[in-house]
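J.: Below you will find the structure I want to go over with you.
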Amino acid sequence: MKIWSRLKKLSIKQLLNLGVVFIQRPLLIRPTLKATSKTMSISQKEFGSAQHKNGKPNAFRHALWNILLAKVAYTKNETAATDWAEQVTTLHEKLAPNAPLETVMDLHNNMVGRQFFSETLDLSEKELIQFLKEKSSLAKQITKVEDVERYPNELVYI
């Protein structure tokens, strides 16, 4: 599993940062790993290796990941659920850093995915995938970090 191979590559400091996040909500460790694995599986099925590039399929994957993470953390408080998704995905960006434009794109798409959470809460998996495919097909291309500010509620790609 890719998750385990990635964990093995983390430094002690990075593992401690990860541990601090998960110690706050230990019951979410397994559901978070499952949501992450499901995100990768769905993205692979829908887009193949294109999801690993910086295009629209990548925007889809980041939004889906945030929605699925929020769903596993959701009980009755949407804010707490999206806060969990934000913690996990922001930590991921710190542990696996990209170039500045890619990082801004990923963080932005994570945020937009969390914005979509409340309107997708009651959707089936099939409906969620269709919803995100439509949203990602409308994603806006960016060429510099500042461009994301022009699209506060839309997915972006490079």
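Residue numbering restarts at 1 for every chain of the structure tokens, chains are lettered A, B, ... in their displayed order, and ligands are numbered from 1 as they appear.
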If we count only C-alpha atoms, what is near segment 108-117 of chain A at a cut-off of 9 Å, once residues fewer than 6 positions away on the same chain are taken out, given as a PyMOL selection string?
T.: chain A and resi 58-68+70-71+78+82-83+85-86+89-90+132+148+152-157
J.: Mind checking DSSP for segment 4-157 of chain A and telling me the strand (DSSP E) residues as an MDAnalysis selection string?
T.: chainID A and resid 140:141 156:157
J.: Go through segment 68-97 of chain A and collect every residue that DSSP, computed from the backbone, puts in alpha helix (DSSP H); the answer should be as a list in words.
T.: Leu68, Leu69, Ala70, Lys71, Val72, Ala73, Glu78, Thr79, Ala80, Ala81, Thr82, Asp83, Trp84, Ala85, Glu86, Gln87, Val88, Thr89, Thr90, Leu91, His92, Glu93, Lys94 and Leu95 of chain A
J.: For the atom pair atom CA of Asp106 of chain A and atom CA of Pro26 of chain A, what is the interatomic distance in Å to one decimal place?
T.: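 A separation of 25.4 Å between them.
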J.: Could you state the separation of atom CA of Glu146 of chain A and atom CA of Gln51 of chain A in Å, given to one decimal place?
T.: 23.2 Å
